[in-house]
Amino acid sequence: MKTISVYCGASHGADPLYAEAARARARALVEHNIGLVYGGGKVGLMGVIADEVLRLGGEATGVIPKALVEREVGHAGLTRLFVVKDMHERKAMMSDLSEGFIAMPGGMGTLEELFEMVTWAQLGIHAKPVGLLNTKGFYDGLKAFVRHQREEGFVKPEHEGLMLVEEDPVALIRRLRAVAVPAAGEDVEGEILRG
Ligand code: AMP
């Protein structure tokens, strides 16, 4: 895998642990030679992860809608910054640029972006892996809710595991790589967990 989109809060969250997790997420990407694709802003966890990737010498690509350049403080130091028309273009472009997706702790925007990629995987629009970085058990409630959806017959059993959940950033990258469909000539690490 060469690039992963990371969706994360435009806020820092109440606990400094979330910013620390964003820096650890950045380190794990750079150590695995994976470029960051993200929302292109400087605010909240978005800014923390991009700054850390750049500080470590990695590649950070931002995709930001025109209307948000001021509100989310478009990051001027990125490897690449695409300014696009609207939110739809942002999500489509982030998806096109990435071979996998990770949601860090975040708010409504993070969930919106995450669920678009999960539903596209469910519909077979893409076959790229989706992971949740479960810092401090942040996504335990979501995991339990998806189980409830499956038990109540609204989520198919084979779709319940579409979101790979790990607390450790390196373990999450390993799981994403294990299920990613390899590009021609690319080596796969780890066991195949799905499919
Ligand atoms: P939040 O998780 O609410 O802090 O938002 C995180 C990021 O999601 C921010 O960069 C928002 O601009 C972005 N966002 C919110 N709604 C959407 C949307 N409908 N499409 C694309 N990005 C969005």
# chains A, B, ... in the order shown; residues from 1 in each chain; ligands from 1
>>> closest_atom_pairs(of="chain A", to="ligand 1", cutoff="6 Å", atoms="only C-alpha atoms and all ligand atoms", output="tab-separated table")
residue	atom	partner	partner_atom_place_in_ligand_line	distance
A:Cys8	CA	ligand 1	6 (C)	5.4
A:Gly9	CA	ligand 1	4 (O)	3.6
A:Ala10	CA	ligand 1	4 (O)	3.7
A:Ser11	CA	ligand 1	4 (O)	5.4
A:Gly39	CA	ligand 1	10 (O)	5.2
A:Met87	CA	ligand 1	20 (N)	4.2
A:His88	CA	ligand 1	20 (N)	5.9
A:Lys91	CA	ligand 1	21 (C)	5.5
A:Gly106	CA	ligand 1	2 (O)	4.1
A:Gly107	CA	ligand 1	2 (O)	3.3
A:Met108	CA	ligand 1	3 (O)	4.1
A:Gly109	CA	ligand 1	15 (C)	3.3
A:Thr110	CA	ligand 1	2 (O)	3.7
A:Glu113	CA	ligand 1	21 (C)	5.8
>>> write_last_selection(atoms="N, CA, C and O atoms", output="PDB file, in the first residue's frame")
ATOM      1  N   CYS A   8     -10.193  12.340  10.299  1.00  0.00           N
ATOM      2  CA  CYS A   8     -10.074  12.625  11.722  1.00  0.00           C
ATOM      3  C   CYS A   8     -10.697  13.968  12.052  1.00  0.00           C
ATOM      4  O   CYS A   8     -10.982  14.772  11.166  1.00  0.00           O
ATOM      5  N   GLY A   9     -10.896  14.173  13.348  1.00  0.00           N
ATOM      6  CA  GLY A   9     -11.623  15.344  13.813  1.00  0.00           C
ATOM      7  C   GLY A   9     -10.963  16.657  13.423  1.00  0.00           C
ATOM      8  O   GLY A   9      -9.737  16.776  13.364  1.00  0.00           O
ATOM      9  N   ALA A  10     -11.820  17.663  13.177  1.00  0.00           N
ATOM     10  CA  ALA A  10     -11.344  19.028  13.017  1.00  0.00           C
ATOM     11  C   ALA A  10     -11.162  19.655  14.406  1.00  0.00           C
ATOM     12  O   ALA A  10     -10.845  20.835  14.525  1.00  0.00           O
ATOM     13  N   SER A  11     -11.386  18.849  15.471  1.00  0.00           N
ATOM     14  CA  SER A  11     -11.127  19.272  16.855  1.00  0.00           C
ATOM     15  C   SER A  11     -10.021  18.382  17.420  1.00  0.00           C
ATOM     16  O   SER A  11      -9.704  17.344  16.841  1.00  0.00           O
ATOM     17  N   GLY A  39      -7.919  15.652   4.866  1.00  0.00           N
ATOM     18  CA  GLY A  39      -8.781  16.767   4.503  1.00  0.00           C
ATOM     19  C   GLY A  39      -8.104  18.096   4.193  1.00  0.00           C
ATOM     20  O   GLY A  39      -8.765  19.052   3.773  1.00  0.00           O
ATOM     21  N   MET A  87     -17.698  19.281  -0.976  1.00  0.00           N
ATOM     22  CA  MET A  87     -17.479  18.090  -0.137  1.00  0.00           C
ATOM     23  C   MET A  87     -17.509  16.807  -0.963  1.00  0.00           C
ATOM     24  O   MET A  87     -16.760  15.870  -0.703  1.00  0.00           O
ATOM     25  N   HIS A  88     -18.400  16.754  -1.945  1.00  0.00           N
ATOM     26  CA  HIS A  88     -18.522  15.529  -2.751  1.00  0.00           C
ATOM     27  C   HIS A  88     -17.226  15.264  -3.518  1.00  0.00           C
ATOM     28  O   HIS A  88     -16.739  14.142  -3.563  1.00  0.00           O
ATOM     29  N   LYS A  91     -14.484  14.007  -1.111  1.00  0.00           N
ATOM     30  CA  LYS A  91     -14.540  12.586  -0.742  1.00  0.00           C
ATOM     31  C   LYS A  91     -14.162  11.693  -1.915  1.00  0.00           C
ATOM     32  O   LYS A  91     -13.448  10.706  -1.755  1.00  0.00           O
ATOM     33  N   GLY A 106     -13.129  11.262  15.933  1.00  0.00           N
ATOM     34  CA  GLY A 106     -13.566  12.512  15.310  1.00  0.00           C
ATOM     35  C   GLY A 106     -15.047  12.730  15.551  1.00  0.00           C
ATOM     36  O   GLY A 106     -15.678  12.016  16.353  1.00  0.00           O
ATOM     37  N   GLY A 107     -15.615  13.691  14.848  1.00  0.00           N
ATOM     38  CA  GLY A 107     -17.016  14.062  15.038  1.00  0.00           C
ATOM     39  C   GLY A 107     -17.883  13.594  13.887  1.00  0.00           C
ATOM     40  O   GLY A 107     -17.617  12.563  13.249  1.00  0.00           O
ATOM     41  N   MET A 108     -18.919  14.381  13.585  1.00  0.00           N
ATOM     42  CA  MET A 108     -19.901  14.004  12.560  1.00  0.00           C
ATOM     43  C   MET A 108     -19.253  13.876  11.180  1.00  0.00           C
ATOM     44  O   MET A 108     -19.574  12.973  10.414  1.00  0.00           O
ATOM     45  N   GLY A 109     -18.340  14.818  10.864  1.00  0.00           N
ATOM     46  CA  GLY A 109     -17.691  14.793   9.548  1.00  0.00           C
ATOM     47  C   GLY A 109     -16.896  13.505   9.350  1.00  0.00           C
ATOM     48  O   GLY A 109     -16.927  12.890   8.284  1.00  0.00           O
ATOM     49  N   THR A 110     -16.196  13.105  10.412  1.00  0.00           N
ATOM     50  CA  THR A 110     -15.398  11.877  10.346  1.00  0.00           C
ATOM     51  C   THR A 110     -16.307  10.676  10.075  1.00  0.00           C
ATOM     52  O   THR A 110     -16.007   9.830   9.228  1.00  0.00           O
ATOM     53  N   GLU A 113     -17.645  10.659   6.424  1.00  0.00           N
ATOM     54  CA  GLU A 113     -16.637  10.212   5.449  1.00  0.00           C
ATOM     55  C   GLU A 113     -16.392   8.719   5.586  1.00  0.00           C
ATOM     56  O   GLU A 113     -16.294   7.988   4.595  1.00  0.00           O
TER      57      GLU A 113
END
>>> closest_atom_pairs(of="range 30-63 of chain A", to="range 171-182 of chain A", cutoff="12 Å", atoms="only C-alpha atoms", output="JSON lines")
{"residue": "A:Val30", "atom": "CA", "partner": "A:Ile173", "partner_atom": "CA", "distance": 11.3}
{"residue": "A:Glu31", "atom": "CA", "partner": "A:Ile173", "partner_atom": "CA", "distance": 10.7}
{"residue": "A:His32", "atom": "CA", "partner": "A:Ile173", "partner_atom": "CA", "distance": 8.4}
{"residue": "A:Asn33", "atom": "CA", "partner": "A:Ile173", "partner_atom": "CA", "distance": 11.2}
{"residue": "A:Ile34", "atom": "CA", "partner": "A:Ile173", "partner_atom": "CA", "distance": 9.6}
>>> write_last_selection(atoms="C-alpha atoms", output="tab-separated table (two decimals), in the first residue's frame")
chain	number	residue	atom	x	y	z
A	30	VAL	CA	5.91	7.09	7.59
A	31	GLU	CA	7.64	3.94	8.93
A	32	HIS	CA	5.62	1.83	6.47
A	33	ASN	CA	6.33	4.23	3.58
A	34	ILE	CA	2.67	5.06	3.21
>>> closest_residue(among="A:Leu111, A:Val146, A:Leu164, A:Met93", to="Leu132 in chain A", atoms="only C-alpha atoms")
A:Leu164
>>> closest_atom_pairs(of="range 84-122 of chain A", to="range 155-163 of chain A", cutoff="10 Å", atoms="only C-alpha atoms", output="tab-separated table")
residue	atom	partner	partner_atom	distance
A:Phe101	CA	A:Met163	CA	9.7
A:Ile102	CA	A:Met163	CA	9.2
A:Ala103	CA	A:Met163	CA	9.6
A:Leu114	CA	A:Met163	CA	9.3
A:Phe115	CA	A:Met163	CA	9.6
A:Met117	CA	A:Met163	CA	9.9
A:Val118	CA	A:Leu162	CA	6.9
A:Thr119	CA	A:Leu162	CA	9.3
A:Ala121	CA	A:Leu162	CA	7.7
A:Gln122	CA	A:His159	CA	6.6
>>> write_last_selection(atoms="N, CA and C atoms", output="mmCIF file, in the first residue's frame")
data_model
loop_
_atom_site.group_PDB
_atom_site.id
_atom_site.type_symbol
_atom_site.label_atom_id
_atom_site.label_comp_id
_atom_site.auth_asym_id
_atom_site.auth_seq_id
_atom_site.Cartn_x
_atom_site.Cartn_y
_atom_site.Cartn_z
ATOM 1 N N PHE A 101 -8.520 3.180 3.952
ATOM 2 C CA PHE A 101 -9.089 4.296 4.711
ATOM 3 C C PHE A 101 -9.011 3.996 6.202
ATOM 4 N N ILE A 102 -8.672 5.024 6.981
ATOM 5 C CA ILE A 102 -8.648 4.868 8.435
ATOM 6 C C ILE A 102 -9.400 6.037 9.052
ATOM 7 N N ALA A 103 -10.299 5.725 9.981
ATOM 8 C CA ALA A 103 -10.935 6.795 10.749
ATOM 9 C C ALA A 103 -10.293 6.848 12.121
ATOM 10 N N LEU A 114 -16.302 8.245 6.838
ATOM 11 C CA LEU A 114 -16.085 6.819 7.098
ATOM 12 C C LEU A 114 -17.209 5.973 6.498
ATOM 13 N N PHE A 115 -18.452 6.365 6.783
ATOM 14 C CA PHE A 115 -19.571 5.514 6.348
ATOM 15 C C PHE A 115 -19.770 5.543 4.840
ATOM 16 N N MET A 117 -17.319 5.429 2.749
ATOM 17 C CA MET A 117 -16.365 4.411 2.258
ATOM 18 C C MET A 117 -16.819 3.003 2.635
ATOM 19 N N VAL A 118 -17.430 2.833 3.813
ATOM 20 C CA VAL A 118 -17.916 1.503 4.214
ATOM 21 C C VAL A 118 -19.076 1.075 3.316
ATOM 22 N N THR A 119 -19.988 2.012 3.018
ATOM 23 C CA THR A 119 -21.139 1.623 2.185
ATOM 24 C C THR A 119 -20.686 1.371 0.745
ATOM 25 N N ALA A 121 -17.830 0.027 -0.006
ATOM 26 C CA ALA A 121 -17.240 -1.329 0.061
ATOM 27 C C ALA A 121 -18.359 -2.366 0.043
ATOM 28 N N GLN A 122 -19.424 -2.087 0.798
ATOM 29 C CA GLN A 122 -20.573 -2.997 0.882
ATOM 30 C C GLN A 122 -21.212 -3.207 -0.492
#
>>> residues_around(residues="Phe138 in chain A", least_positions_apart="6", cutoff="12 Å", atoms="only C-alpha atoms", output="CSV table (one decimal) with all heavy atoms, in the first residue's frame")
chain,number,residue,atom,x,y,z
A,13,GLY,N,-10.3,17.0,20.5
A,13,GLY,CA,-10.9,16.1,21.5
A,13,GLY,C,-10.5,16.6,22.9
A,13,GLY,O,-9.6,17.4,23.1
A,14,ALA,N,-11.2,16.0,23.9
A,14,ALA,CA,-11.0,16.5,25.3
A,14,ALA,C,-9.7,15.9,25.9
A,14,ALA,O,-9.3,16.5,26.9
A,14,ALA,CB,-12.2,16.0,26.1
A,15,ASP,N,-9.2,14.9,25.4
A,15,ASP,CA,-8.1,14.2,26.1
A,15,ASP,C,-6.8,14.3,25.2
A,15,ASP,O,-6.9,14.0,24.0
A,15,ASP,CB,-8.4,12.7,26.3
A,15,ASP,CG,-7.4,12.0,27.1
A,15,ASP,OD1,-6.2,12.3,27.1
A,15,ASP,OD2,-7.8,11.0,27.8
A,17,LEU,N,-4.5,12.5,24.8
A,17,LEU,CA,-4.2,11.2,24.2
A,17,LEU,C,-4.6,11.1,22.8
A,17,LEU,O,-4.0,10.4,22.0
A,17,LEU,CB,-5.0,10.2,25.0
A,17,LEU,CG,-4.6,8.7,24.9
A,17,LEU,CD1,-3.2,8.5,25.5
A,17,LEU,CD2,-5.6,7.8,25.6
A,18,TYR,N,-5.6,11.9,22.3
A,18,TYR,CA,-6.1,11.8,20.9
A,18,TYR,C,-5.0,12.4,20.0
A,18,TYR,O,-4.7,11.9,18.9
A,18,TYR,CB,-7.4,12.5,20.7
A,18,TYR,CG,-8.5,11.8,21.5
A,18,TYR,CD1,-9.3,12.4,22.4
A,18,TYR,CD2,-8.8,10.4,21.2
A,18,TYR,CE1,-10.3,11.8,23.1
A,18,TYR,CE2,-9.8,9.7,21.9
A,18,TYR,CZ,-10.6,10.4,22.8
A,18,TYR,OH,-11.6,9.8,23.5
A,21,ALA,N,-2.2,10.0,19.8
A,21,ALA,CA,-2.6,8.9,18.9
A,21,ALA,C,-2.4,9.3,17.4
A,21,ALA,O,-2.0,8.6,16.6
A,21,ALA,CB,-4.0,8.4,19.2
A,103,ALA,N,-10.3,5.7,10.0
A,103,ALA,CA,-10.9,6.8,10.7
A,103,ALA,C,-10.3,6.8,12.1
A,103,ALA,O,-10.2,5.8,12.8
A,103,ALA,CB,-12.4,6.6,10.9
A,104,MET,N,-9.8,8.0,12.5
A,104,MET,CA,-9.3,8.3,13.8
A,104,MET,C,-10.6,8.8,14.6
A,104,MET,O,-11.6,9.0,14.0
A,104,MET,CB,-8.3,9.5,13.8
A,104,MET,CG,-7.1,9.3,13.0
A,104,MET,SD,-5.7,8.8,14.1
A,104,MET,CE,-5.9,9.8,15.5
A,105,PRO,N,-10.4,9.0,15.9
A,105,PRO,CA,-11.5,9.6,16.6
A,105,PRO,C,-11.9,11.0,16.0
A,105,PRO,O,-11.0,11.7,15.5
A,105,PRO,CB,-10.9,9.8,18.0
A,105,PRO,CG,-10.0,8.6,18.2
A,105,PRO,CD,-9.4,8.5,16.8
A,106,GLY,N,-13.1,11.3,15.9
A,106,GLY,CA,-13.6,12.5,15.3
A,106,GLY,C,-15.0,12.7,15.6
A,106,GLY,O,-15.7,12.0,16.4
A,107,GLY,N,-15.6,13.7,14.8
A,107,GLY,CA,-17.0,14.1,15.0
A,107,GLY,C,-17.9,13.6,13.9
A,107,GLY,O,-17.6,12.6,13.2
A,132,LEU,N,-10.7,1.4,11.8
A,132,LEU,CA,-11.0,2.3,12.8
A,132,LEU,C,-9.8,2.3,13.8
A,132,LEU,O,-9.5,1.2,14.4
A,132,LEU,CB,-12.2,2.0,13.6
A,132,LEU,CG,-13.5,1.9,12.8
A,132,LEU,CD1,-14.7,1.5,13.7
A,132,LEU,CD2,-13.8,3.2,12.1
A,144,ALA,N,-20.4,-2.0,18.8
A,144,ALA,CA,-21.5,-2.6,19.5
A,144,ALA,C,-22.8,-2.3,18.7
A,144,ALA,O,-23.7,-3.2,18.5
A,144,ALA,CB,-21.7,-2.2,20.9
A,165,VAL,N,-11.0,-3.0,13.4
A,165,VAL,CA,-10.9,-2.2,14.6
A,165,VAL,C,-9.6,-2.6,15.3
A,165,VAL,O,-9.5,-3.7,15.7
A,165,VAL,CB,-12.1,-2.3,15.5
A,165,VAL,CG1,-12.1,-1.3,16.6
A,165,VAL,CG2,-13.4,-2.1,14.7
A,166,GLU,N,-8.7,-1.6,15.6
A,166,GLU,CA,-7.5,-1.9,16.4
A,166,GLU,C,-7.2,-0.6,17.2
A,166,GLU,O,-7.4,0.5,16.7
A,166,GLU,CB,-6.3,-2.2,15.4
A,166,GLU,CG,-6.4,-3.5,14.7
A,166,GLU,CD,-6.1,-4.7,15.6
A,166,GLU,OE1,-5.6,-4.6,16.7
A,166,GLU,OE2,-6.5,-5.8,15.1
A,167,GLU,N,-6.6,-0.8,18.4
A,167,GLU,CA,-6.2,0.3,19.2
A,167,GLU,C,-4.8,0.8,18.8
A,167,GLU,O,-4.5,1.9,18.9
A,167,GLU,CB,-6.3,-0.1,20.7
A,167,GLU,CG,-6.1,1.1,21.6
A,167,GLU,CD,-6.9,0.9,22.9
A,167,GLU,OE1,-7.6,0.0,23.1
A,167,GLU,OE2,-6.7,1.8,23.8
